[in-house]
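K.L.:
Have a look at the structure that comes next, please.
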Number of protein chains: 2
Amino acid sequence: MKSPSHPRDRGIPDATVARLPLYLRALHGLAERGIPTVSSEDLASAAGVNSAKLRKDLSHLGSYGTRGVGYDVEYLVYQISRELGLTQDWAVAIIGVGNLGRALANYGGFVSRGFRIAAMLDADPEVVGDTIAGLNVDHIDDLEAVIKRRGVSIVVLATPAAAAQEVCDRVVAAGVTSILNFAPVVLTVPDSVDVRKVDLSIELQILAFHEQRKAGGPLMAVDTQ
Amino acid sequence: MKSPSHPRDRGIPDATVARLPLYLRALHGLAERGIPTVSSEDLASAAGVNSAKLRKDLSHLGSYGTRGVGYDVEYLVYQISRELGLTQDWAVAIIGVGNLGRALANYGGFVSRGFRIAAMLDADPEVVGDTIAGLNVDHIDDLEAVIKRRGVSIVVLATPAAAAQEVCDRVVAAGVTSILNFAPVVLTVPDSVDVRKVDLSIELQILAFHEQRKAGGPLMAVDTQ
DNA sequence: ATTACTTTGTGCATCGGTTCACAAAAGGAT
DNA sequence: ATCCTTTTGTGAACCGATGCACAAAGTAAT
């Protein structure tokens, strides 16, 4: 039994969810320049996608455009923000205060909208107690207490690879179900936990693959048109 | 006219290319533990994918397994490395020596196999001349000369968003065709240039979306079975 | 009101990627 | 040499995502 009253269907395609932040950023840019209304064509080009895709993506959220006119920028910002859950603020903990953890703590776009760094933790007594981005670094021993006390619901793992799984287990045991993992390991978690992976070296390797094709291809492949 | 002599077809699916680094990392782990041979089942679980996908992925490179036995770890490492272009070493320049640029320069997995940080550049006279990860920071004014002199073929953009497009244009004009962009902007480049984007805040937003579903879903959606 | 124009929302064909499931190939045992 | 077990490599069905192309819905002008 579907609910016909609800205009937007629950169950937005993953590919669409992954692009919503892109649209949101483009819309923020337009809003700052005081542009009240935007067509799918213009918004699409600002976000670097094609307009049919953008329209289909937005249609999954509901019918928020006006034919012949376009989309109201402010309104669409609100709708997308709400859909992504950015109208509430999320307490994020960064675990691992190496170079990367520090960079993330200071990264502007990270804190910006909807997210707040609520804790930083590390195992190294050398850095525990330091103040980074205006925040005191806690010891990893206090992980469970810090998570509970500060209402952390998203954890960013920026530990060395060797420590990642162990820390991950503790984080999951503490009730966190969303993890952004920068450590180059495959984390094992229950199905109920979401892990997203960012691996810098993988991106470089993909670039190298294509670069090799461009550079070596014409020399090596005689039959490449 | 195809070349029937070549066992592996040129044109490896993008999705496969994106997973090869994953397999490679898992294989390195096995190699370090002295394991000579691995089945698709075991390698797949080490890499966090299912075995059918792994086998199909590897089949795009050629027929490097032995039925009834599995894959020779060392041999497969070599084949994947070669396919990804990691048997040569790539000179990488990091532009923008803020927190992120520093973190990338010091990131172990970054430098590890196939890649070498050949230059770091920044516009801020305060940091130009500093030594980071054993490397002198050059001024962005010398961009073109540094790229040419050190044979840089891959550029990592870690500049502020506002500067990214301008720097990108200069990098492209200097002949670089592979860019890893950390700045939260849509870069405009010629078709011949590959840009890969890493956006930390986008990953967080995707997590927030799913977290919201988990947390709010059961309360808000009465008809979600 | 009617006409002309713009732009959304979507049905439909297509494409790329995933998964299933099994024949083919290899090794080991008898 | 034959049989049995293991595991690869792949054909084929399936699934989700993309992009085209157009009807529907709106605005503006006469």
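Ordering of the structure tokens sets the chain letters (A, B, ...); residue numbers start at 1 within each chain; ligands are numbered from 1 in the order shown.
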Can you tell me, as a ChimeraX atom specification, what residues are no more than 12 Å from C:DT18 when counting only C-alpha atoms (C1' of nucleotides), ignoring any on the same chain fewer than 2 positions away?

P.N.:
/B:15-16,49-54,56-57 /C:16,20 /D:13-16

K.L.:
Which chain A residues are at most 6 Å from chain B (counting only C-alpha atoms), as a PyMOL selection string?

P.N.:
chain A and resi 21+84-85+99-100+103+110+201-202+208-209+212

K.L.:
When you look at C:DT10 with a cut-off of 10 Å (counting only C-alpha atoms (C1' of nucleotides)), what residues show up, excluding the ones that are within fewer than 5 positions of it in the same chain? I need them as a PyMOL selection string.

P.N.:
(chain A and resi 55-56+59) or (chain D and resi 22-23)

K.L.:
For chain A, report every residue with an atom at most 8 Å from chain C (counting only C-alpha atoms (C1' of nucleotides)), formatted as a ChimeraX atom specification.

P.N.:
/A:39,55-56,59,63,65-70

K.L.:
Work out how far atom CA of A:His60 is from atom CA of A:His28, in Å to one decimal.

P.N.:
20.4 Å

K.L.:
Please give the complete set of residues from stretch 9-222 of chain B that DSSP, run on the backbone, assigns to helix (DSSP H, G or I), formatted as a PyMOL selection string.

P.N.:
chain B and resi 14-32+40-47+51-59+73-84+99-106+108-111+140-150+161-173+200-220

K.L.:
I need the residues from that last selection saved to file as an mmCIF file, in the first residue's frame (with C-alpha atoms), if you can.

P.N.:
```
data_model
loop_
_atom_site.group_PDB
_atom_site.id
_atom_site.type_symbol
_atom_site.label_atom_id
_atom_site.label_comp_id
_atom_site.auth_asym_id
_atom_site.auth_seq_id
_atom_site.Cartn_x
_atom_site.Cartn_y
_atom_site.Cartn_z
ATOM 1 C CA ASP B 14 35.320 2.858 -15.279
ATOM 2 C CA ALA B 15 33.745 0.976 -12.403
ATOM 3 C CA THR B 16 36.433 -1.670 -12.720
ATOM 4 C CA VAL B 17 39.274 0.842 -12.860
ATOM 5 C CA ALA B 18 37.937 2.426 -9.671
ATOM 6 C CA ARG B 19 38.171 -0.918 -7.898
ATOM 7 C CA LEU B 20 41.592 -2.021 -9.098
ATOM 8 C CA PRO B 21 43.389 0.074 -6.436
ATOM 9 C CA LEU B 22 41.264 -1.702 -3.843
ATOM 10 C CA TYR B 23 42.353 -5.098 -5.064
ATOM 11 C CA LEU B 24 45.916 -3.919 -5.233
ATOM 12 C CA ARG B 25 45.886 -2.845 -1.609
ATOM 13 C CA ALA B 26 44.361 -6.138 -0.506
ATOM 14 C CA LEU B 27 46.979 -8.013 -2.523
ATOM 15 C CA HIS B 28 49.811 -6.046 -0.949
ATOM 16 C CA GLY B 29 48.454 -7.070 2.422
ATOM 17 C CA LEU B 30 48.450 -10.718 1.418
ATOM 18 C CA ALA B 31 51.923 -10.467 -0.088
ATOM 19 C CA GLU B 32 53.298 -9.010 3.146
ATOM 20 C CA SER B 40 38.593 -14.865 -5.881
ATOM 21 C CA GLU B 41 36.437 -15.510 -2.833
ATOM 22 C CA ASP B 42 39.164 -14.620 -0.342
ATOM 23 C CA LEU B 43 40.523 -11.678 -2.285
ATOM 24 C CA ALA B 44 37.033 -10.322 -2.747
ATOM 25 C CA SER B 45 36.283 -10.426 0.936
ATOM 26 C CA ALA B 46 39.618 -8.775 1.741
ATOM 27 C CA ALA B 47 38.732 -5.997 -0.677
ATOM 28 C CA SER B 51 33.600 -12.554 -5.761
ATOM 29 C CA ALA B 52 31.656 -12.509 -9.021
ATOM 30 C CA LYS B 53 32.419 -8.832 -9.420
ATOM 31 C CA LEU B 54 36.059 -9.370 -8.657
ATOM 32 C CA ARG B 55 36.371 -12.139 -11.214
ATOM 33 C CA LYS B 56 34.654 -10.097 -13.881
ATOM 34 C CA ASP B 57 36.863 -7.121 -13.088
ATOM 35 C CA LEU B 58 40.030 -9.173 -13.367
ATOM 36 C CA SER B 59 38.807 -10.817 -16.544
ATOM 37 C CA VAL B 73 49.495 -12.899 -5.564
ATOM 38 C CA GLU B 74 52.801 -11.477 -6.832
ATOM 39 C CA TYR B 75 51.861 -11.893 -10.453
ATOM 40 C CA LEU B 76 48.489 -10.251 -9.976
ATOM 41 C CA VAL B 77 50.084 -7.343 -8.108
ATOM 42 C CA TYR B 78 52.339 -6.815 -11.078
ATOM 43 C CA GLN B 79 49.552 -7.038 -13.643
ATOM 44 C CA ILE B 80 47.262 -4.617 -11.838
ATOM 45 C CA SER B 81 50.135 -2.224 -11.149
ATOM 46 C CA ARG B 82 51.061 -2.248 -14.774
ATOM 47 C CA GLU B 83 47.479 -1.706 -15.871
ATOM 48 C CA LEU B 84 47.096 1.252 -13.527
ATOM 49 C CA ASN B 99 46.310 22.433 6.272
ATOM 50 C CA LEU B 100 45.078 20.125 3.577
ATOM 51 C CA GLY B 101 48.078 20.499 1.317
ATOM 52 C CA ARG B 102 50.367 19.779 4.276
ATOM 53 C CA ALA B 103 48.340 16.756 5.240
ATOM 54 C CA LEU B 104 48.523 15.397 1.709
ATOM 55 C CA ALA B 105 52.269 15.962 1.539
ATOM 56 C CA ASN B 106 52.746 13.962 4.721
ATOM 57 C CA GLY B 108 51.998 8.043 3.688
ATOM 58 C CA GLY B 109 49.763 6.178 1.279
ATOM 59 C CA PHE B 110 49.969 9.115 -1.031
ATOM 60 C CA VAL B 111 53.640 8.879 -1.748
ATOM 61 C CA ILE B 140 52.989 30.026 -7.488
ATOM 62 C CA ASP B 141 54.498 32.592 -9.879
ATOM 63 C CA ASP B 142 56.988 29.924 -10.882
ATOM 64 C CA LEU B 143 54.237 27.391 -11.599
ATOM 65 C CA GLU B 144 54.946 26.908 -15.272
ATOM 66 C CA ALA B 145 58.704 26.646 -14.819
ATOM 67 C CA VAL B 146 58.407 24.176 -11.936
ATOM 68 C CA ILE B 147 55.978 21.967 -13.834
ATOM 69 C CA LYS B 148 58.220 21.842 -16.851
ATOM 70 C CA ARG B 149 61.521 21.450 -15.018
ATOM 71 C CA ARG B 150 60.370 18.652 -12.719
ATOM 72 C CA ALA B 161 37.852 27.703 -3.761
ATOM 73 C CA ALA B 162 38.226 31.255 -5.041
ATOM 74 C CA ALA B 163 41.675 30.594 -6.504
ATOM 75 C CA ALA B 164 41.060 27.134 -7.911
ATOM 76 C CA GLN B 165 39.792 27.965 -11.400
ATOM 77 C CA GLU B 166 42.538 30.483 -12.118
ATOM 78 C CA VAL B 167 45.273 28.129 -10.955
ATOM 79 C CA CYS B 168 43.617 25.324 -12.869
ATOM 80 C CA ASP B 169 43.706 27.346 -16.078
ATOM 81 C CA ARG B 170 47.422 27.981 -15.674
ATOM 82 C CA VAL B 171 48.093 24.344 -14.887
ATOM 83 C CA VAL B 172 46.207 23.238 -17.977
ATOM 84 C CA ALA B 173 47.969 25.837 -20.105
ATOM 85 C CA LEU B 200 34.882 16.136 2.000
ATOM 86 C CA SER B 201 31.702 18.003 2.800
ATOM 87 C CA ILE B 202 29.726 16.109 0.168
ATOM 88 C CA GLU B 203 30.579 12.818 1.814
ATOM 89 C CA LEU B 204 29.395 14.160 5.148
ATOM 90 C CA GLN B 205 26.142 15.339 3.617
ATOM 91 C CA ILE B 206 25.464 11.928 2.136
ATOM 92 C CA LEU B 207 26.030 10.401 5.558
ATOM 93 C CA ALA B 208 23.686 12.920 7.113
ATOM 94 C CA PHE B 209 21.004 11.973 4.640
ATOM 95 C CA HIS B 210 21.156 8.316 5.583
ATOM 96 C CA GLU B 211 21.517 9.083 9.264
ATOM 97 C CA GLN B 212 18.379 11.186 9.102
ATOM 98 C CA ARG B 213 16.534 8.326 7.472
ATOM 99 C CA LYS B 214 17.593 5.942 10.181
ATOM 100 C CA ALA B 215 16.846 8.323 13.026
ATOM 101 C CA GLY B 216 13.768 10.157 11.820
ATOM 102 C CA GLY B 217 12.377 7.640 9.351
ATOM 103 C CA PRO B 218 10.514 5.308 11.724
ATOM 104 C CA LEU B 219 8.959 8.273 13.488
ATOM 105 C CA MET B 220 7.971 10.248 10.438
#
```

K.L.:
Hey, could you lay chain B over chain A with a least-squares C-alpha fit (all atoms, paired in order) and save it as a JSON list (two decimals) with C-alpha atoms, in the first residue's frame?

P.N.:
```json
[["chain", "number", "residue", "atom", "x", "y", "z"],
["B", 1, "MET", "CA", 0.42, -0.11, 0.51],
["B", 2, "LYS", "CA", 1.92, 3.13, -0.71],
["B", 3, "SER", "CA", 0.88, 6.49, 0.57],
["B", 4, "PRO", "CA", -0.62, 8.33, -2.39],
["B", 5, "SER", "CA", -1.00, 11.54, -0.39],
["B", 6, "HIS", "CA", 2.75, 12.14, -0.27],
["B", 7, "PRO", "CA", 3.87, 13.84, -3.46],
["B", 8, "ARG", "CA", 7.49, 12.74, -3.10],
["B", 9, "ASP", "CA", 8.19, 9.09, -2.86],
["B", 10, "ARG", "CA", 10.48, 7.85, -0.17],
["B", 11, "GLY", "CA", 13.47, 6.12, -1.67],
["B", 12, "ILE", "CA", 15.61, 8.66, -3.51],
["B", 13, "PRO", "CA", 18.19, 6.98, -5.79],
["B", 14, "ASP", "CA", 21.71, 6.92, -4.38],
["B", 15, "ALA", "CA", 23.07, 8.64, -7.46],
["B", 16, "THR", "CA", 20.65, 11.49, -6.88],
["B", 17, "VAL", "CA", 21.50, 11.83, -3.20],
["B", 18, "ALA", "CA", 25.18, 12.06, -4.14],
["B", 19, "ARG", "CA", 24.42, 15.01, -6.41],
["B", 20, "LEU", "CA", 22.13, 16.98, -4.12],
["B", 21, "PRO", "CA", 25.07, 18.55, -2.24],
["B", 22, "LEU", "CA", 26.39, 19.71, -5.60],
["B", 23, "TYR", "CA", 23.15, 21.44, -6.44],
["B", 24, "LEU", "CA", 23.01, 22.90, -2.98],
["B", 25, "ARG", "CA", 26.44, 24.46, -3.35],
["B", 26, "ALA", "CA", 25.57, 25.91, -6.75],
["B", 27, "LEU", "CA", 22.34, 27.31, -5.31],
["B", 28, "HIS", "CA", 24.17, 28.94, -2.41],
["B", 29, "GLY", "CA", 26.38, 30.63, -4.96],
["B", 30, "LEU", "CA", 23.37, 31.95, -6.84],
["B", 31, "ALA", "CA", 21.67, 33.06, -3.63],
["B", 32, "GLU", "CA", 24.75, 35.05, -2.60],
["B", 33, "ARG", "CA", 24.65, 36.83, -5.92],
["B", 34, "GLY", "CA", 21.03, 37.73, -5.28],
["B", 35, "ILE", "CA", 19.58, 35.65, -8.10],
["B", 36, "PRO", "CA", 15.98, 34.83, -7.20],
["B", 37, "THR", "CA", 15.15, 32.22, -9.82],
["B", 38, "VAL", "CA", 17.06, 29.76, -11.93],
["B", 39, "SER", "CA", 16.27, 27.43, -14.83],
["B", 40, "SER", "CA", 17.29, 23.78, -14.83],
["B", 41, "GLU", "CA", 19.66, 24.60, -17.67],
["B", 42, "ASP", "CA", 21.54, 27.27, -15.74],
["B", 43, "LEU", "CA", 21.59, 25.41, -12.45],
["B", 44, "ALA", "CA", 22.79, 22.29, -14.19],
["B", 45, "SER", "CA", 25.68, 24.06, -15.82],
["B", 46, "ALA", "CA", 26.63, 25.71, -12.52],
["B", 47, "ALA", "CA", 26.68, 22.28, -10.91],
["B", 48, "GLY", "CA", 28.45, 20.61, -13.79],
["B", 49, "VAL", "CA", 25.74, 18.15, -14.85],
["B", 50, "ASN", "CA", 23.25, 18.09, -17.72],
["B", 51, "SER", "CA", 19.83, 19.58, -17.31],
["B", 52, "ALA", "CA", 17.77, 16.44, -17.89],
["B", 53, "LYS", "CA", 19.58, 14.74, -15.04],
["B", 54, "LEU", "CA", 19.08, 17.70, -12.78],
["B", 55, "ARG", "CA", 15.36, 17.84, -13.48],
["B", 56, "LYS", "CA", 14.94, 14.14, -12.88],
["B", 57, "ASP", "CA", 16.92, 14.40, -9.66],
["B", 58, "LEU", "CA", 14.80, 17.26, -8.37],
["B", 59, "SER", "CA", 11.62, 15.50, -9.41],
["B", 60, "HIS", "CA", 12.45, 12.83, -6.85],
["B", 61, "LEU", "CA", 12.07, 15.38, -4.07],
["B", 62, "GLY", "CA", 8.82, 16.79, -5.37],
["B", 63, "SER", "CA", 7.55, 19.26, -7.89],
["B", 64, "TYR", "CA", 9.27, 22.42, -6.77],
["B", 65, "GLY", "CA", 9.71, 24.18, -10.10],
["B", 66, "THR", "CA", 7.41, 26.40, -12.13],
["B", 67, "ARG", "CA", 7.07, 25.60, -15.80],
["B", 68, "GLY", "CA", 8.10, 28.42, -18.04],
["B", 69, "VAL", "CA", 9.98, 30.05, -15.14],
["B", 70, "GLY", "CA", 12.35, 27.74, -13.31],
["B", 71, "TYR", "CA", 13.10, 27.16, -9.65],
["B", 72, "ASP", "CA", 12.96, 29.62, -6.79],
["B", 73, "VAL", "CA", 16.50, 29.62, -5.44],
["B", 74, "GLU", "CA", 15.73, 30.15, -1.74],
["B", 75, "TYR", "CA", 12.92, 27.66, -1.73],
["B", 76, "LEU", "CA", 14.98, 25.01, -3.46],
["B", 77, "VAL", "CA", 17.86, 25.56, -1.04],
["B", 78, "TYR", "CA", 15.46, 24.91, 1.79],
["B", 79, "GLN", "CA", 13.95, 21.81, 0.22],
["B", 80, "ILE", "CA", 17.28, 20.20, -0.59],
["B", 81, "SER", "CA", 18.69, 21.11, 2.83],
["B", 82, "ARG", "CA", 15.72, 19.55, 4.49],
["B", 83, "GLU", "CA", 15.96, 16.42, 2.38],
["B", 84, "LEU", "CA", 19.64, 16.02, 3.19],
["B", 85, "GLY", "CA", 18.99, 16.60, 6.86],
["B", 86, "LEU", "CA", 20.96, 19.82, 7.05],
["B", 87, "THR", "CA", 18.27, 21.80, 8.80],
["B", 88, "GLN", "CA", 19.35, 20.15, 12.01],
["B", 89, "ASP", "CA", 22.93, 20.33, 13.17],
["B", 90, "TRP", "CA", 25.06, 17.25, 13.40],
["B", 91, "ALA", "CA", 27.70, 16.72, 16.06],
["B", 92, "VAL", "CA", 30.78, 15.28, 14.42],
["B", 93, "ALA", "CA", 33.78, 13.72, 16.15],
["B", 94, "ILE", "CA", 37.15, 13.54, 14.45],
["B", 95, "ILE", "CA", 39.27, 10.65, 15.63],
["B", 96, "GLY", "CA", 42.95, 10.87, 14.87],
["B", 97, "VAL", "CA", 44.58, 14.27, 15.12],
["B", 98, "GLY", "CA", 47.42, 13.80, 12.66],
["B", 99, "ASN", "CA", 47.90, 16.09, 9.71],
["B", 100, "LEU", "CA", 44.68, 14.95, 8.14],
["B", 101, "GLY", "CA", 42.58, 15.26, 11.26],
["B", 102, "ARG", "CA", 43.92, 18.79, 11.78],
["B", 103, "ALA", "CA", 43.21, 19.71, 8.20],
["B", 104, "LEU", "CA", 39.65, 18.45, 8.49],
["B", 105, "ALA", "CA", 39.09, 20.35, 11.73],
["B", 106, "ASN", "CA", 40.19, 23.57, 10.06],
["B", 107, "TYR", "CA", 38.49, 22.89, 6.74],
["B", 108, "GLY", "CA", 35.91, 25.61, 6.29],
["B", 109, "GLY", "CA", 33.39, 23.80, 4.13],
["B", 110, "PHE", "CA", 33.40, 21.02, 6.64],
["B", 111, "VAL", "CA", 31.95, 22.97, 9.49],
["B", 112, "SER", "CA", 29.83, 25.29, 7.42],
["B", 113, "ARG", "CA", 26.27, 24.20, 7.11],
["B", 114, "GLY", "CA", 24.63, 21.63, 9.30],
["B", 115, "PHE", "CA", 27.79, 20.19, 10.80],
["B", 116, "ARG", "CA", 29.61, 21.04, 13.99],
["B", 117, "ILE", "CA", 32.83, 19.50, 15.17],
["B", 118, "ALA", "CA", 31.96, 18.47, 18.69],
["B", 119, "ALA", "CA", 35.05, 16.46, 19.61],
["B", 120, "MET", "CA", 38.54, 15.54, 18.58],
["B", 121, "LEU", "CA", 40.25, 12.46, 19.95],
["B", 122, "ASP", "CA", 43.67, 10.87, 19.72],
["B", 123, "ALA", "CA", 45.72, 8.17, 21.40],
["B", 124, "ASP", "CA", 48.97, 10.12, 21.49],
["B", 125, "PRO", "CA", 49.45, 11.78, 24.92],
["B", 126, "GLU", "CA", 51.59, 14.35, 23.11],
["B", 127, "VAL", "CA", 48.59, 15.88, 21.34],
["B", 128, "VAL", "CA", 45.88, 15.17, 23.94],
["B", 129, "GLY", "CA", 45.10, 18.46, 25.62],
["B", 130, "ASP", "CA", 46.16, 20.54, 22.63],
["B", 131, "THR", "CA", 43.68, 23.02, 21.25],
["B", 132, "ILE", "CA", 42.90, 22.61, 17.56],
["B", 133, "ALA", "CA", 40.41, 24.79, 15.76],
["B", 134, "GLY", "CA", 39.30, 26.03, 19.15],
["B", 135, "LEU", "CA", 38.64, 22.57, 20.48],
["B", 136, "ASN", "CA", 40.39, 20.56, 23.15],
["B", 137, "VAL", "CA", 41.74, 17.17, 22.07],
["B", 138, "ASP", "CA", 40.46, 14.36, 24.26],
["B", 139, "HIS", "CA", 42.08, 11.01, 24.91],
["B", 140, "ILE", "CA", 40.73, 8.07, 22.97],
["B", 141, "ASP", "CA", 40.18, 6.24, 26.28],
["B", 142, "ASP", "CA", 37.26, 8.58, 26.88],
["B", 143, "LEU", "CA", 35.72, 7.80, 23.49],
["B", 144, "GLU", "CA", 32.48, 6.32, 24.73],
["B", 145, "ALA", "CA", 31.89, 9.03, 27.32],
["B", 146, "VAL", "CA", 32.63, 11.84, 24.87],
["B", 147, "ILE", "CA", 30.32, 10.40, 22.23],
["B", 148, "LYS", "CA", 27.49, 10.06, 24.68],
["B", 149, "ARG", "CA", 27.97, 13.37, 26.47],
["B", 150, "ARG", "CA", 28.23, 15.49, 23.33],
["B", 151, "GLY", "CA", 25.62, 13.67, 21.30],
["B", 152, "VAL", "CA", 28.01, 12.70, 18.52],
["B", 153, "SER", "CA", 26.20, 10.94, 15.71],
["B", 154, "ILE", "CA", 28.78, 11.05, 12.91],
["B", 155, "VAL", "CA", 32.40, 10.01, 13.31],
["B", 156, "VAL", "CA", 35.27, 10.86, 11.01],
["B", 157, "LEU", "CA", 38.06, 8.30, 11.19],
["B", 158, "ALA", "CA", 41.44, 9.82, 10.44],
["B", 159, "THR", "CA", 43.56, 7.34, 12.34],
["B", 160, "PRO", "CA", 46.43, 5.24, 10.99],
["B", 161, "ALA", "CA", 45.24, 2.21, 9.06],
["B", 162, "ALA", "CA", 46.38, -0.18, 11.78],
["B", 163, "ALA", "CA", 44.15, 1.42, 14.41],
["B", 164, "ALA", "CA", 41.08, 2.03, 12.29],
["B", 165, "GLN", "CA", 39.19, -1.24, 12.75],
["B", 166, "GLU", "CA", 39.63, -1.30, 16.52],
["B", 167, "VAL", "CA", 38.51, 2.30, 16.91],
["B", 168, "CYS", "CA", 35.66, 1.62, 14.51],
["B", 169, "ASP", "CA", 34.44, -1.28, 16.63],
["B", 170, "ARG", "CA", 34.38, 0.91, 19.73],
["B", 171, "VAL", "CA", 32.60, 3.69, 17.89],
["B", 172, "VAL", "CA", 29.96, 1.29, 16.64],
["B", 173, "ALA", "CA", 29.58, -0.25, 20.08],
["B", 174, "ALA", "CA", 28.97, 3.27, 21.40],
["B", 175, "GLY", "CA", 25.98, 3.53, 19.09],
["B", 176, "VAL", "CA", 27.31, 5.58, 16.19],
["B", 177, "THR", "CA", 25.86, 4.48, 12.84],
["B", 178, "SER", "CA", 27.53, 6.88, 10.39],
["B", 179, "ILE", "CA", 31.26, 6.81, 9.74],
["B", 180, "LEU", "CA", 33.42, 8.67, 7.27],
["B", 181, "ASN", "CA", 36.60, 6.65, 6.89],
["B", 182, "PHE", "CA", 39.86, 8.14, 5.68],
["B", 183, "ALA", "CA", 42.00, 5.19, 6.71],
["B", 184, "PRO", "CA", 43.01, 2.97, 3.81],
["B", 185, "VAL", "CA", 41.38, -0.20, 5.12],
["B", 186, "VAL", "CA", 38.13, -2.04, 4.50],
["B", 187, "LEU", "CA", 36.14, -1.63, 7.69],
["B", 188, "THR", "CA", 33.90, -4.43, 8.89],
["B", 189, "VAL", "CA", 30.69, -3.13, 10.43],
["B", 190, "PRO", "CA", 27.13, -4.36, 11.01],
["B", 191, "ASP", "CA", 24.68, -3.75, 8.17],
["B", 192, "SER", "CA", 22.96, -1.07, 10.18],
["B", 193, "VAL", "CA", 26.06, 1.14, 10.07],
["B", 194, "ASP", "CA", 26.85, 3.37, 7.10],
["B", 195, "VAL", "CA", 30.48, 3.75, 6.16],
["B", 196, "ARG", "CA", 31.66, 6.10, 3.46],
["B", 197, "LYS", "CA", 35.22, 5.86, 2.33],
["B", 198, "VAL", "CA", 37.50, 8.59, 1.08],
["B", 199, "ASP", "CA", 40.77, 7.27, -0.23],
["B", 200, "LEU", "CA", 43.12, 9.87, -1.56],
["B", 201, "SER", "CA", 45.53, 7.41, -3.10],
["B", 202, "ILE", "CA", 42.77, 5.64, -5.01],
["B", 203, "GLU", "CA", 41.82, 8.86, -6.74],
["B", 204, "LEU", "CA", 45.43, 9.40, -7.75],
["B", 205, "GLN", "CA", 45.66, 5.88, -9.13],
["B", 206, "ILE", "CA", 42.57, 6.39, -11.25],
["B", 207, "LEU", "CA", 44.12, 9.55, -12.64],
["B", 208, "ALA", "CA", 47.33, 7.71, -13.37],
["B", 209, "PHE", "CA", 45.42, 5.11, -15.30],
["B", 210, "HIS", "CA", 43.86, 7.68, -17.59],
["B", 211, "GLU", "CA", 47.06, 9.67, -17.86],
["B", 212, "GLN", "CA", 48.87, 6.54, -18.97],
["B", 213, "ARG", "CA", 46.25, 5.95, -21.62],
["B", 214, "LYS", "CA", 46.63, 9.45, -22.94],
["B", 215, "ALA", "CA", 50.41, 9.42, -22.88],
["B", 216, "GLY", "CA", 51.25, 5.86, -23.82],
["B", 217, "GLY", "CA", 48.11, 4.87, -25.70],
["B", 218, "PRO", "CA", 48.87, 6.36, -29.13],
["B", 219, "LEU", "CA", 52.35, 4.88, -29.05],
["B", 220, "MET", "CA", 51.45, 1.44, -27.82],
["B", 221, "ALA", "CA", 48.11, 0.68, -29.39],
["B", 222, "VAL", "CA", 48.44, 0.60, -33.15],
["B", 223, "ASP", "CA", 44.86, -0.44, -33.68],
["B", 224, "THR", "CA", 43.13, 2.28, -31.66],
["B", 225, "GLN", "CA", 41.46, 3.80, -34.69]]
```

K.L.:
For chain D, report every residue with an atom at most 7 Å from chain A (counting only C-alpha atoms (C1' of nucleotides)), formatted as a list in words.

P.N.:
DG19, DA25, DG26 and DT27 of chain D

K.L.:
As a PyMOL selection string, please: all residues of stretch 58-110 of chain A that backbone DSSP puts in strand (DSSP E).

P.N.:
chain A and resi 65-66+70-72+90-95
